[in-house]
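Beneath this line is the structure, given in structure tokens, with notes to follow.
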Amino acid sequence: MVTINSTLISGAGCIPAIAPLLTGKKRLLLVSDTNIIRLAATQQIVTLLQAEGRQVQLIDNVPPEPSQHDVTRILGDAPDAAFDMVVGIGGGSVLDVAKLLSVLHHPRSPGLEALLAGEKPTDRIPSLLIPATAGTGSEATPNAILAIPEQNTKVGIISPVLLPDYVALLPELTTSMPAHIASSTGIDALCHLIECFTATIANPVSDNVALTGLRKLLNNIETAVNEPQNLAARLEMLWASYYGGAAITHAGTHLVHALSYPLGGTYHLPHGVANAILLAPCMKVVRPHAVEKFAQVWDLVPGADLSLSDEAKSHALVDYFAALVKRLNLPDNLESLGVPRADIPALADAALNVKRLMNNAPCTVDHNDVQAIYQTLFPVK
């Protein structure tokens, strides 16, 4: 089991607490994107990074759903490996790239192609990750996910070495997220938590982490989306996302993520949107195999009827997930997102090929089962 040893800073007004983490660091590589870097809170962090004569090289062109080609390009933009720390500020794509750069800029790095081929890194330079969305939990996982366009899918580079030295959960960074981003990233965190809680490799540690995160998420996701300046709710969502990442580290996701990978790899659908569309249909398939655990989660839903039987609670939870996605105004079908119905067999092939995740599912699904799930994501003719 992987141990998370990151030092955490969290809370509104905690940006100055980053300063002690920079002691002795002279050259920093800052990884972000063009939207996040312009935020007032990010600029406050940049000013702090540049204090005391520190040199900061900025990479602010990390795209959504980055591929191995994007990382190669970014490495070309920052060829000098002599950095004392990598700082990542952004969503999951930014943080995954920052984690990879902390390895790739170490003199003993195996190189990107070797990492993609399965070689494990042994060293990295120090890293600080600051999530600007509350969804991926990348700051708490040993994973870095890259799109592989040639294969129409995604691949995870996985090693405990990728876990950062420091994490800062700063709600001010998330207040500018548009509602649809806050919604989709929040549902991504929900998928992490519920999938890890029901995975075949779930264990007491991952269960406790997942339940803690689910309680925070279910009680705060709609408030955080509807009241973007509510720093308390935004901080709770950052923690829910962090716990989702920790749950992945101690267990692993399964059906939703396996089926969402081809949607991101082939059609470049935002990861949270793909997961949101798949959440209820996949959980409907999982439900008969996780009735007691679904009942536990139902008990965390605000206003839940606790008098129901476990069987009824499990059905109610699936219905709640579908209603929640609808209330958050997220897409509910693939046709509206430009995915052709004719591609369902190919999507099923690609999803079943994500064996690392499929093996975690509490139920066995075949090609027909996966096609049937995708089929529900298109309007009835």
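Residue numbers start at 1 in each chain; chains themselves are named A, B, ... in the order of the structure tokens; ligands are numbered from 1 in the order shown.
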Determine, using only C-alpha atoms, which residues of stretch 238-294 of chain A have any atom at most 12 Å from an atom of stretch 328-341 of chain A, and tabulate each with its shortest atom pair and distance in Å to one decimal place, rows ordered by chain and then rising number, as a Markdown table.
```
| residue | atom | partner | partner_atom | distance |
| --- | --- | --- | --- | --- |
| A:Ser260 | CA | A:Leu334 | CA | 11.3 |
| A:Pro262 | CA | A:Val339 | CA | 11.0 |
| A:Leu263 | CA | A:Val339 | CA | 8.3 |
| A:Gly264 | CA | A:Val339 | CA | 11.0 |
| A:Thr266 | CA | A:Val339 | CA | 9.3 |
| A:Tyr267 | CA | A:Val339 | CA | 7.2 |
| A:His268 | CA | A:Leu337 | CA | 10.1 |
| A:Leu269 | CA | A:Leu337 | CA | 7.9 |
| A:Pro270 | CA | A:Leu337 | CA | 10.6 |
| A:Gly272 | CA | A:Leu330 | CA | 9.6 |
| A:Val273 | CA | A:Leu330 | CA | 7.0 |
| A:Ala274 | CA | A:Leu334 | CA | 8.7 |
| A:Asn275 | CA | A:Leu330 | CA | 10.4 |
| A:Ala276 | CA | A:Leu330 | CA | 7.2 |
| A:Ile277 | CA | A:Asp332 | CA | 5.4 |
| A:Leu278 | CA | A:Asp332 | CA | 8.7 |
| A:Leu279 | CA | A:Asp332 | CA | 10.3 |
| A:Ala280 | CA | A:Asp332 | CA | 10.1 |
| A:Pro281 | CA | A:Asp332 | CA | 10.6 |
```
Residues just named, written with N, CA, C and O atoms as a PDB file, in the first residue's frame:
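In the end it all went to selection.pdb:
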```
ATOM      1  N   SER A 260     -14.904   6.072 -19.436  1.00  0.00           N
ATOM      2  CA  SER A 260     -14.687   7.480 -19.789  1.00  0.00           C
ATOM      3  C   SER A 260     -13.375   7.696 -20.531  1.00  0.00           C
ATOM      4  O   SER A 260     -13.244   8.655 -21.297  1.00  0.00           O
ATOM      5  N   PRO A 262     -11.943   6.217 -23.173  1.00  0.00           N
ATOM      6  CA  PRO A 262     -12.052   6.369 -24.632  1.00  0.00           C
ATOM      7  C   PRO A 262     -12.760   7.652 -25.058  1.00  0.00           C
ATOM      8  O   PRO A 262     -12.454   8.203 -26.119  1.00  0.00           O
ATOM      9  N   LEU A 263     -13.692   8.136 -24.232  1.00  0.00           N
ATOM     10  CA  LEU A 263     -14.391   9.379 -24.574  1.00  0.00           C
ATOM     11  C   LEU A 263     -13.437  10.568 -24.532  1.00  0.00           C
ATOM     12  O   LEU A 263     -13.532  11.484 -25.347  1.00  0.00           O
ATOM     13  N   GLY A 264     -12.511  10.543 -23.579  1.00  0.00           N
ATOM     14  CA  GLY A 264     -11.512  11.598 -23.520  1.00  0.00           C
ATOM     15  C   GLY A 264     -10.445  11.424 -24.577  1.00  0.00           C
ATOM     16  O   GLY A 264     -10.037  12.385 -25.232  1.00  0.00           O
ATOM     17  N   THR A 266     -10.564   9.774 -27.498  1.00  0.00           N
ATOM     18  CA  THR A 266     -11.011   9.861 -28.886  1.00  0.00           C
ATOM     19  C   THR A 266     -11.672  11.194 -29.211  1.00  0.00           C
ATOM     20  O   THR A 266     -11.403  11.796 -30.249  1.00  0.00           O
ATOM     21  N   TYR A 267     -12.536  11.654 -28.306  1.00  0.00           N
ATOM     22  CA  TYR A 267     -13.349  12.853 -28.601  1.00  0.00           C
ATOM     23  C   TYR A 267     -12.946  14.056 -27.761  1.00  0.00           C
ATOM     24  O   TYR A 267     -13.556  15.113 -27.873  1.00  0.00           O
ATOM     25  N   HIS A 268     -11.959  13.871 -26.906  1.00  0.00           N
ATOM     26  CA  HIS A 268     -11.443  14.958 -26.083  1.00  0.00           C
ATOM     27  C   HIS A 268     -12.539  15.566 -25.199  1.00  0.00           C
ATOM     28  O   HIS A 268     -12.516  16.770 -24.915  1.00  0.00           O
ATOM     29  N   LEU A 269     -13.483  14.746 -24.772  1.00  0.00           N
ATOM     30  CA  LEU A 269     -14.475  15.234 -23.822  1.00  0.00           C
ATOM     31  C   LEU A 269     -13.783  15.529 -22.502  1.00  0.00           C
ATOM     32  O   LEU A 269     -12.928  14.751 -22.058  1.00  0.00           O
ATOM     33  N   PRO A 270     -14.111  16.637 -21.852  1.00  0.00           N
ATOM     34  CA  PRO A 270     -13.542  16.896 -20.523  1.00  0.00           C
ATOM     35  C   PRO A 270     -13.804  15.706 -19.608  1.00  0.00           C
ATOM     36  O   PRO A 270     -14.893  15.119 -19.604  1.00  0.00           O
ATOM     37  N   GLY A 272     -14.321  15.296 -16.424  1.00  0.00           N
ATOM     38  CA  GLY A 272     -15.441  15.370 -15.497  1.00  0.00           C
ATOM     39  C   GLY A 272     -16.784  15.225 -16.188  1.00  0.00           C
ATOM     40  O   GLY A 272     -17.721  14.625 -15.640  1.00  0.00           O
ATOM     41  N   VAL A 273     -16.896  15.764 -17.401  1.00  0.00           N
ATOM     42  CA  VAL A 273     -18.150  15.650 -18.165  1.00  0.00           C
ATOM     43  C   VAL A 273     -18.398  14.199 -18.554  1.00  0.00           C
ATOM     44  O   VAL A 273     -19.518  13.679 -18.417  1.00  0.00           O
ATOM     45  N   ALA A 274     -17.354  13.522 -19.052  1.00  0.00           N
ATOM     46  CA  ALA A 274     -17.503  12.107 -19.415  1.00  0.00           C
ATOM     47  C   ALA A 274     -17.912  11.280 -18.201  1.00  0.00           C
ATOM     48  O   ALA A 274     -18.788  10.411 -18.284  1.00  0.00           O
ATOM     49  N   ASN A 275     -17.293  11.552 -17.059  1.00  0.00           N
ATOM     50  CA  ASN A 275     -17.633  10.805 -15.851  1.00  0.00           C
ATOM     51  C   ASN A 275     -19.062  11.095 -15.399  1.00  0.00           C
ATOM     52  O   ASN A 275     -19.775  10.199 -14.932  1.00  0.00           O
ATOM     53  N   ALA A 276     -19.482  12.350 -15.510  1.00  0.00           N
ATOM     54  CA  ALA A 276     -20.831  12.721 -15.083  1.00  0.00           C
ATOM     55  C   ALA A 276     -21.881  11.975 -15.890  1.00  0.00           C
ATOM     56  O   ALA A 276     -22.885  11.478 -15.345  1.00  0.00           O
ATOM     57  N   ILE A 277     -21.678  11.882 -17.210  1.00  0.00           N
ATOM     58  CA  ILE A 277     -22.626  11.181 -18.066  1.00  0.00           C
ATOM     59  C   ILE A 277     -22.694   9.697 -17.702  1.00  0.00           C
ATOM     60  O   ILE A 277     -23.753   9.073 -17.735  1.00  0.00           O
ATOM     61  N   LEU A 278     -21.556   9.127 -17.316  1.00  0.00           N
ATOM     62  CA  LEU A 278     -21.467   7.694 -17.053  1.00  0.00           C
ATOM     63  C   LEU A 278     -21.821   7.306 -15.623  1.00  0.00           C
ATOM     64  O   LEU A 278     -22.068   6.125 -15.348  1.00  0.00           O
ATOM     65  N   LEU A 279     -21.856   8.260 -14.713  1.00  0.00           N
ATOM     66  CA  LEU A 279     -21.980   7.931 -13.292  1.00  0.00           C
ATOM     67  C   LEU A 279     -23.193   7.055 -12.994  1.00  0.00           C
ATOM     68  O   LEU A 279     -23.062   5.929 -12.496  1.00  0.00           O
ATOM     69  N   ALA A 280     -24.389   7.558 -13.247  1.00  0.00           N
ATOM     70  CA  ALA A 280     -25.597   6.805 -12.894  1.00  0.00           C
ATOM     71  C   ALA A 280     -25.723   5.502 -13.690  1.00  0.00           C
ATOM     72  O   ALA A 280     -26.032   4.455 -13.096  1.00  0.00           O
ATOM     73  N   PRO A 281     -25.503   5.512 -15.028  1.00  0.00           N
ATOM     74  CA  PRO A 281     -25.614   4.237 -15.754  1.00  0.00           C
ATOM     75  C   PRO A 281     -24.652   3.162 -15.263  1.00  0.00           C
ATOM     76  O   PRO A 281     -25.022   1.990 -15.164  1.00  0.00           O
TER      77      PRO A 281
END
```
Problem set entry | Long-range neighbours of A:Glu139 as a VMD selection string, 7 Å cut-off, only C-alpha atoms, 6 positions minimum in chain | chain A and resid 95 129 164 167 242
Let me see the file: selected residues, N, CA, C and O atoms, as a PDB file, in the first residue's frame.
```pdb
ATOM      1  N   LEU A  95      -1.616  19.524 -12.874  1.00  0.00           N
ATOM      2  CA  LEU A  95      -0.926  18.851 -11.773  1.00  0.00           C
ATOM      3  C   LEU A  95      -0.260  17.561 -12.242  1.00  0.00           C
ATOM      4  O   LEU A  95       0.853  17.237 -11.799  1.00  0.00           O
ATOM      5  N   LEU A 129       2.127  21.120  -5.094  1.00  0.00           N
ATOM      6  CA  LEU A 129       0.942  21.104  -5.954  1.00  0.00           C
ATOM      7  C   LEU A 129      -0.191  21.875  -5.296  1.00  0.00           C
ATOM      8  O   LEU A 129      -0.498  21.664  -4.116  1.00  0.00           O
ATOM      9  N   PRO A 164       3.601  14.410  -4.247  1.00  0.00           N
ATOM     10  CA  PRO A 164       4.374  15.636  -3.987  1.00  0.00           C
ATOM     11  C   PRO A 164       4.863  15.737  -2.542  1.00  0.00           C
ATOM     12  O   PRO A 164       4.365  15.058  -1.638  1.00  0.00           O
ATOM     13  N   VAL A 167       1.345  20.077  -0.495  1.00  0.00           N
ATOM     14  CA  VAL A 167       0.053  20.363  -1.109  1.00  0.00           C
ATOM     15  C   VAL A 167      -0.550  21.562  -0.396  1.00  0.00           C
ATOM     16  O   VAL A 167      -0.511  21.633   0.842  1.00  0.00           O
ATOM     17  N   TYR A 242      -9.412  15.957  -2.460  1.00  0.00           N
ATOM     18  CA  TYR A 242      -8.175  15.384  -1.927  1.00  0.00           C
ATOM     19  C   TYR A 242      -8.417  13.964  -1.417  1.00  0.00           C
ATOM     20  O   TYR A 242      -7.646  13.040  -1.700  1.00  0.00           O
TER      21      TYR A 242
END
```
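Atom to atom, atom CA of A:Tyr261 and atom CA of A:Gly90 stand 20.7 Å apart.
One distance worth recording is that between atom CA of A:Leu211 and atom CA of A:Leu8, which is 20.0 Å.
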Exercise. Within 10 Å of A:Leu112, counting only C-alpha atoms, which residues qualify if same-chain residues fewer than 2 places away don't, as a ChimeraX atom specification?
Worked result: /A:68-69,71-72,75,100-101,103-104,109-110,114-119,157
Can I get the selection written as a short mmCIF file (atom, residue, chain, number, x, y, z; two decimals), in the first residue's frame, with N, CA, C and O atoms?
```
data_model
loop_
_atom_site.label_atom_id
_atom_site.label_comp_id
_atom_site.auth_asym_id
_atom_site.auth_seq_id
_atom_site.Cartn_x
_atom_site.Cartn_y
_atom_site.Cartn_z
N GLN A 68 1.16 12.66 -24.58
CA GLN A 68 2.61 12.54 -24.43
C GLN A 68 3.33 13.54 -25.33
O GLN A 68 4.42 14.00 -25.01
N HIS A 69 2.70 13.91 -26.45
CA HIS A 69 3.31 14.90 -27.35
C HIS A 69 3.34 16.28 -26.70
O HIS A 69 4.29 17.04 -26.89
N VAL A 71 3.61 16.85 -23.48
CA VAL A 71 4.68 16.84 -22.47
C VAL A 71 6.04 16.96 -23.13
O VAL A 71 6.92 17.68 -22.63
N THR A 72 6.21 16.31 -24.25
CA THR A 72 7.48 16.44 -24.99
C THR A 72 7.71 17.89 -25.41
O THR A 72 8.82 18.42 -25.28
N LEU A 75 8.62 19.95 -22.35
CA LEU A 75 10.02 19.72 -21.98
C LEU A 75 10.96 20.53 -22.86
O LEU A 75 11.97 21.06 -22.38
N LEU A 100 4.91 14.90 -13.59
CA LEU A 100 5.83 14.29 -14.54
C LEU A 100 7.10 15.11 -14.70
O LEU A 100 8.21 14.56 -14.78
N LEU A 101 6.98 16.43 -14.74
CA LEU A 101 8.16 17.29 -14.90
C LEU A 101 9.07 17.20 -13.69
O LEU A 101 10.30 17.32 -13.82
N VAL A 103 9.77 14.59 -12.17
CA VAL A 103 10.58 13.40 -12.44
C VAL A 103 11.51 13.64 -13.62
O VAL A 103 12.71 13.38 -13.56
N LEU A 104 10.94 14.15 -14.72
CA LEU A 104 11.70 14.27 -15.96
C LEU A 104 12.83 15.27 -15.88
O LEU A 104 13.80 15.20 -16.65
N SER A 109 16.27 10.67 -14.38
CA SER A 109 14.97 10.32 -14.97
C SER A 109 15.12 9.28 -16.08
O SER A 109 16.03 9.38 -16.90
N PRO A 110 14.22 8.30 -16.14
CA PRO A 110 14.27 7.33 -17.24
C PRO A 110 13.90 7.93 -18.59
O PRO A 110 14.20 7.35 -19.62
N ALA A 114 10.32 5.85 -21.76
CA ALA A 114 10.54 4.73 -20.85
C ALA A 114 9.45 4.66 -19.79
O ALA A 114 8.98 3.58 -19.43
N LEU A 115 9.01 5.82 -19.30
CA LEU A 115 7.92 5.84 -18.32
C LEU A 115 6.64 5.29 -18.93
O LEU A 115 5.91 4.51 -18.29
N LEU A 116 6.35 5.68 -20.17
CA LEU A 116 5.15 5.19 -20.84
C LEU A 116 5.23 3.69 -21.10
O LEU A 116 4.21 3.00 -21.16
N ALA A 117 6.45 3.19 -21.24
CA ALA A 117 6.64 1.76 -21.48
C ALA A 117 6.58 0.94 -20.19
O ALA A 117 6.65 -0.29 -20.24
N GLY A 118 6.49 1.63 -19.05
CA GLY A 118 6.34 0.92 -17.79
C GLY A 118 7.50 1.01 -16.82
O GLY A 118 7.41 0.50 -15.70
N GLU A 119 8.60 1.65 -17.22
CA GLU A 119 9.71 1.80 -16.29
C GLU A 119 9.31 2.75 -15.16
O GLU A 119 8.66 3.77 -15.39
N ILE A 157 0.73 6.80 -15.92
CA ILE A 157 2.08 6.55 -15.38
C ILE A 157 1.92 6.58 -13.87
O ILE A 157 1.47 7.58 -13.30
#
```
For this session: For A:Leu162, work out the shell of residues within 12 Å, counting only C-alpha atoms and skipping chain neighbours fewer than 2 positions away, then give it as number ranges by chain.
Result: A: 2-6, 86, 95-104, 115, 120-129, 138-145, 156-160, 164-166, 249
How would the residues just chosen look if you wrote them out with N, CA and C atoms as a compact mmCIF listing (two decimals), in the first residue's frame?
```txt
# COMPACT_ATOMS: atom_id res chain seq x y z
N VAL A 2 0.51 2.23 -0.79
CA VAL A 2 1.27 3.48 -0.89
C VAL A 2 1.01 4.35 0.33
N THR A 3 2.05 4.96 0.86
CA THR A 3 1.91 5.90 1.97
C THR A 3 2.02 7.32 1.44
N ILE A 4 1.07 8.17 1.83
CA ILE A 4 1.09 9.58 1.42
C ILE A 4 1.80 10.38 2.51
N ASN A 5 2.93 10.96 2.17
CA ASN A 5 3.72 11.71 3.16
C ASN A 5 3.74 13.21 2.90
N SER A 6 2.85 13.69 2.04
CA SER A 6 2.85 15.12 1.71
C SER A 6 2.48 15.96 2.92
N VAL A 86 9.46 22.10 -8.50
CA VAL A 86 8.37 22.28 -9.46
C VAL A 86 7.12 22.66 -8.67
N LEU A 95 -1.62 19.52 -12.87
CA LEU A 95 -0.93 18.85 -11.77
C LEU A 95 -0.26 17.56 -12.24
N ASP A 96 -0.92 16.82 -13.14
CA ASP A 96 -0.29 15.61 -13.68
C ASP A 96 0.99 15.94 -14.43
N VAL A 97 0.94 17.00 -15.24
CA VAL A 97 2.14 17.40 -15.98
C VAL A 97 3.23 17.88 -15.02
N ALA A 98 2.84 18.63 -14.00
CA ALA A 98 3.83 19.08 -13.01
C ALA A 98 4.50 17.89 -12.32
N LYS A 99 3.72 16.87 -12.00
CA LYS A 99 4.29 15.68 -11.37
C LYS A 99 5.29 15.00 -12.31
N LEU A 100 4.91 14.90 -13.59
CA LEU A 100 5.83 14.29 -14.54
C LEU A 100 7.10 15.11 -14.70
N LEU A 101 6.98 16.43 -14.74
CA LEU A 101 8.16 17.29 -14.90
C LEU A 101 9.07 17.20 -13.69
N SER A 102 8.49 16.98 -12.51
CA SER A 102 9.35 16.83 -11.32
C SER A 102 10.24 15.59 -11.44
N VAL A 103 9.77 14.59 -12.17
CA VAL A 103 10.58 13.40 -12.44
C VAL A 103 11.51 13.64 -13.62
N LEU A 104 10.94 14.15 -14.72
CA LEU A 104 11.70 14.27 -15.96
C LEU A 104 12.83 15.27 -15.88
N LEU A 115 9.01 5.82 -19.30
CA LEU A 115 7.92 5.84 -18.32
C LEU A 115 6.64 5.29 -18.93
N LYS A 120 9.69 2.41 -13.94
CA LYS A 120 9.30 3.19 -12.79
C LYS A 120 10.38 4.21 -12.42
N PRO A 121 9.99 5.46 -12.15
CA PRO A 121 10.98 6.45 -11.71
C PRO A 121 11.43 6.16 -10.29
N THR A 122 12.63 6.58 -9.99
CA THR A 122 13.17 6.39 -8.63
C THR A 122 13.43 7.71 -7.93
N ASP A 123 13.46 8.80 -8.68
CA ASP A 123 13.81 10.10 -8.09
C ASP A 123 13.00 11.20 -8.76
N ARG A 124 12.86 12.31 -8.05
CA ARG A 124 12.30 13.53 -8.63
C ARG A 124 12.84 14.70 -7.83
N ILE A 125 12.66 15.91 -8.38
CA ILE A 125 13.00 17.09 -7.62
C ILE A 125 11.79 17.47 -6.76
N PRO A 126 11.99 18.29 -5.71
CA PRO A 126 10.86 18.63 -4.82
C PRO A 126 9.70 19.24 -5.58
N SER A 127 8.48 19.02 -5.07
CA SER A 127 7.30 19.52 -5.76
C SER A 127 6.27 20.04 -4.77
N LEU A 128 5.55 21.07 -5.23
CA LEU A 128 4.42 21.67 -4.50
C LEU A 128 3.25 21.73 -5.46
N LEU A 129 2.13 21.12 -5.09
CA LEU A 129 0.94 21.10 -5.95
C LEU A 129 -0.19 21.87 -5.30
N SER A 138 -5.55 14.97 -8.05
CA SER A 138 -4.23 14.58 -8.54
C SER A 138 -3.13 14.83 -7.51
N GLU A 139 -3.34 15.84 -6.67
CA GLU A 139 -2.33 16.17 -5.65
C GLU A 139 -2.16 15.06 -4.62
N ALA A 140 -3.08 14.09 -4.59
CA ALA A 140 -3.01 13.01 -3.61
C ALA A 140 -2.85 11.64 -4.24
N THR A 141 -2.56 11.60 -5.55
CA THR A 141 -2.43 10.30 -6.22
C THR A 141 -1.01 10.11 -6.75
N PRO A 142 -0.60 8.86 -6.91
CA PRO A 142 0.70 8.56 -7.54
C PRO A 142 0.58 8.41 -9.04
N ASN A 143 -0.47 9.01 -9.62
CA ASN A 143 -0.78 8.82 -11.04
C ASN A 143 -0.55 10.09 -11.84
N ALA A 144 -0.14 9.92 -13.08
CA ALA A 144 -0.16 11.00 -14.07
C ALA A 144 -0.76 10.41 -15.33
N ILE A 145 -1.87 10.99 -15.77
CA ILE A 145 -2.64 10.43 -16.89
C ILE A 145 -2.36 11.23 -18.15
N GLY A 156 -1.99 5.66 -17.77
CA GLY A 156 -1.54 6.19 -16.49
C GLY A 156 -0.10 5.80 -16.21
N ILE A 157 0.73 6.80 -15.92
CA ILE A 157 2.08 6.55 -15.38
C ILE A 157 1.92 6.58 -13.87
N ILE A 158 2.26 5.50 -13.21
CA ILE A 158 1.91 5.33 -11.80
C ILE A 158 3.14 4.96 -10.99
N SER A 159 3.43 5.75 -9.98
CA SER A 159 4.55 5.47 -9.08
C SER A 159 4.41 6.34 -7.84
N PRO A 160 4.69 5.79 -6.65
CA PRO A 160 4.67 6.62 -5.43
C PRO A 160 5.61 7.81 -5.50
N PRO A 164 3.60 14.41 -4.25
CA PRO A 164 4.37 15.64 -3.99
C PRO A 164 4.86 15.74 -2.54
N ASP A 165 5.83 16.63 -2.36
CA ASP A 165 6.27 16.96 -1.00
C ASP A 165 5.23 17.79 -0.27
N TYR A 166 4.62 18.73 -1.00
CA TYR A 166 3.72 19.70 -0.36
C TYR A 166 2.45 19.85 -1.19
N THR A 249 -5.30 6.31 -4.32
CA THR A 249 -3.98 5.85 -3.91
C THR A 249 -4.06 4.56 -3.11
```
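With distances restricted to only C-alpha atoms, A:Thr47 is the closest residue to A:Ile18 from A:Gly245, A:Trp298, A:Ser32, A:Thr47.
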For this session: Could you give me, as a VMD selection string, the residues within 12 Å of A:Gly213, counting only C-alpha atoms and dropping anything in the same chain fewer than 6 positions from it?
Result: chain A and resid 134 to 135 137 186 189 to 194 196 to 197 206 to 207 219 to 221 236 to 248 297 300
Just N, CA, C and O atoms for this one: save the residues we selected as a short mmCIF file (atom, residue, chain, number, x, y, z; two decimals), in the first residue's frame.
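selection_10.cif, freshly written:
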```cif
data_model
loop_
_atom_site.label_atom_id
_atom_site.label_comp_id
_atom_site.auth_asym_id
_atom_site.auth_seq_id
_atom_site.Cartn_x
_atom_site.Cartn_y
_atom_site.Cartn_z
N ALA A 134 -11.69 21.43 -7.84
CA ALA A 134 -11.95 20.46 -6.77
C ALA A 134 -12.56 19.22 -7.40
O ALA A 134 -13.77 19.05 -7.40
N GLY A 135 -11.69 18.38 -7.97
CA GLY A 135 -12.22 17.23 -8.66
C GLY A 135 -11.24 16.09 -8.83
O GLY A 135 -11.49 14.98 -8.38
N GLY A 137 -8.20 15.39 -7.62
CA GLY A 137 -7.43 14.85 -6.51
C GLY A 137 -6.03 14.44 -6.91
O GLY A 137 -5.37 13.68 -6.21
N GLY A 186 -16.52 18.46 -9.60
CA GLY A 186 -17.09 17.89 -8.38
C GLY A 186 -17.61 16.49 -8.60
O GLY A 186 -17.43 15.60 -7.76
N ALA A 189 -14.79 14.04 -8.63
CA ALA A 189 -14.41 13.62 -7.28
C ALA A 189 -15.39 12.59 -6.73
O ALA A 189 -14.99 11.62 -6.07
N LEU A 190 -16.68 12.80 -6.99
CA LEU A 190 -17.69 11.85 -6.54
C LEU A 190 -17.43 10.47 -7.14
O LEU A 190 -17.54 9.44 -6.45
N CYS A 191 -17.10 10.43 -8.44
CA CYS A 191 -16.80 9.15 -9.08
C CYS A 191 -15.59 8.48 -8.41
O CYS A 191 -15.59 7.26 -8.17
N HIS A 192 -14.55 9.24 -8.14
CA HIS A 192 -13.39 8.66 -7.47
C HIS A 192 -13.80 8.01 -6.15
O HIS A 192 -13.40 6.88 -5.84
N LEU A 193 -14.59 8.72 -5.38
CA LEU A 193 -14.94 8.26 -4.04
C LEU A 193 -15.83 7.02 -4.09
O LEU A 193 -15.58 6.03 -3.39
N ILE A 194 -16.88 7.04 -4.91
CA ILE A 194 -17.81 5.92 -4.94
C ILE A 194 -17.19 4.70 -5.62
O ILE A 194 -17.44 3.55 -5.21
N CYS A 196 -13.88 3.91 -5.71
CA CYS A 196 -12.90 3.34 -4.79
C CYS A 196 -13.58 2.62 -3.63
O CYS A 196 -13.11 1.57 -3.17
N PHE A 197 -14.71 3.17 -3.17
CA PHE A 197 -15.43 2.56 -2.05
C PHE A 197 -16.00 1.20 -2.43
O PHE A 197 -16.14 0.32 -1.57
N SER A 206 -8.94 2.70 2.56
CA SER A 206 -9.62 3.40 1.46
C SER A 206 -11.09 3.64 1.79
O SER A 206 -11.66 4.68 1.42
N ASP A 207 -11.74 2.71 2.51
CA ASP A 207 -13.14 2.91 2.88
C ASP A 207 -13.32 4.12 3.78
O ASP A 207 -14.23 4.94 3.58
N ASN A 219 -22.53 16.99 1.03
CA ASN A 219 -23.09 18.10 1.80
C ASN A 219 -22.68 19.47 1.27
O ASN A 219 -23.18 20.49 1.78
N ASN A 220 -21.79 19.51 0.27
CA ASN A 220 -21.27 20.82 -0.16
C ASN A 220 -21.25 21.06 -1.65
O ASN A 220 -21.10 22.21 -2.07
N ILE A 221 -21.42 20.05 -2.48
CA ILE A 221 -21.22 20.24 -3.92
C ILE A 221 -22.20 21.26 -4.49
O ILE A 221 -21.80 22.15 -5.24
N GLU A 236 -14.34 22.72 1.63
CA GLU A 236 -14.81 21.36 1.84
C GLU A 236 -14.74 20.54 0.55
O GLU A 236 -14.42 19.35 0.57
N MET A 237 -15.02 21.17 -0.59
CA MET A 237 -14.91 20.46 -1.86
C MET A 237 -13.45 20.15 -2.21
O MET A 237 -13.14 19.10 -2.78
N LEU A 238 -12.54 21.06 -1.88
CA LEU A 238 -11.12 20.76 -2.07
C LEU A 238 -10.70 19.55 -1.25
O LEU A 238 -9.95 18.69 -1.72
N TRP A 239 -11.20 19.49 -0.01
CA TRP A 239 -10.88 18.34 0.83
C TRP A 239 -11.54 17.07 0.29
O TRP A 239 -10.94 15.99 0.31
N ALA A 240 -12.79 17.17 -0.19
CA ALA A 240 -13.44 16.01 -0.78
C ALA A 240 -12.64 15.49 -1.97
O ALA A 240 -12.46 14.27 -2.14
N SER A 241 -12.16 16.42 -2.79
CA SER A 241 -11.34 16.04 -3.93
C SER A 241 -10.04 15.38 -3.48
O SER A 241 -9.60 14.37 -4.04
N TYR A 242 -9.41 15.96 -2.46
CA TYR A 242 -8.18 15.38 -1.93
C TYR A 242 -8.42 13.96 -1.42
O TYR A 242 -7.65 13.04 -1.70
N TYR A 243 -9.50 13.79 -0.67
CA TYR A 243 -9.82 12.45 -0.17
C TYR A 243 -10.11 11.49 -1.33
O TYR A 243 -9.81 10.29 -1.24
N GLY A 244 -10.71 12.00 -2.41
CA GLY A 244 -10.91 11.16 -3.58
C GLY A 244 -9.59 10.68 -4.15
O GLY A 244 -9.44 9.51 -4.53
N GLY A 245 -8.61 11.58 -4.22
CA GLY A 245 -7.28 11.18 -4.67
C GLY A 245 -6.64 10.18 -3.73
O GLY A 245 -6.01 9.21 -4.17
N ALA A 246 -6.78 10.42 -2.43
CA ALA A 246 -6.22 9.48 -1.45
C ALA A 246 -6.89 8.11 -1.57
O ALA A 246 -6.23 7.07 -1.41
N ALA A 247 -8.19 8.10 -1.85
CA ALA A 247 -8.89 6.83 -2.03
C ALA A 247 -8.33 6.08 -3.23
O ALA A 247 -8.17 4.85 -3.20
N ILE A 248 -8.04 6.80 -4.32
CA ILE A 248 -7.41 6.18 -5.48
C ILE A 248 -6.06 5.58 -5.10
O ILE A 248 -5.71 4.46 -5.50
N VAL A 297 -23.62 4.90 1.76
CA VAL A 297 -23.46 6.21 1.11
C VAL A 297 -24.80 6.95 1.12
O VAL A 297 -24.84 8.17 1.35
N LEU A 300 -25.48 9.23 3.91
CA LEU A 300 -24.74 10.50 3.95
C LEU A 300 -25.41 11.59 3.13
O LEU A 300 -25.03 12.76 3.23
#
```
Exercise. Atom CA of A:Val318 to atom CA of A:Met283: how many Å, to one decimal?
Worked result: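 Between these atoms lies a distance of 6.3 Å.
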For this session: Could you pull out the residues in stretch 92-163 of chain A that DSSP calls alpha helix (DSSP H) from the backbone, as a ChimeraX atom specification?
Result: /A:92-104,112-116
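With only C-alpha atoms as the basis for measurement, A:Thr253 is the residue among A:Thr133, A:Asn208, A:Thr253, A:Thr153 that approaches A:Ala361 most closely.
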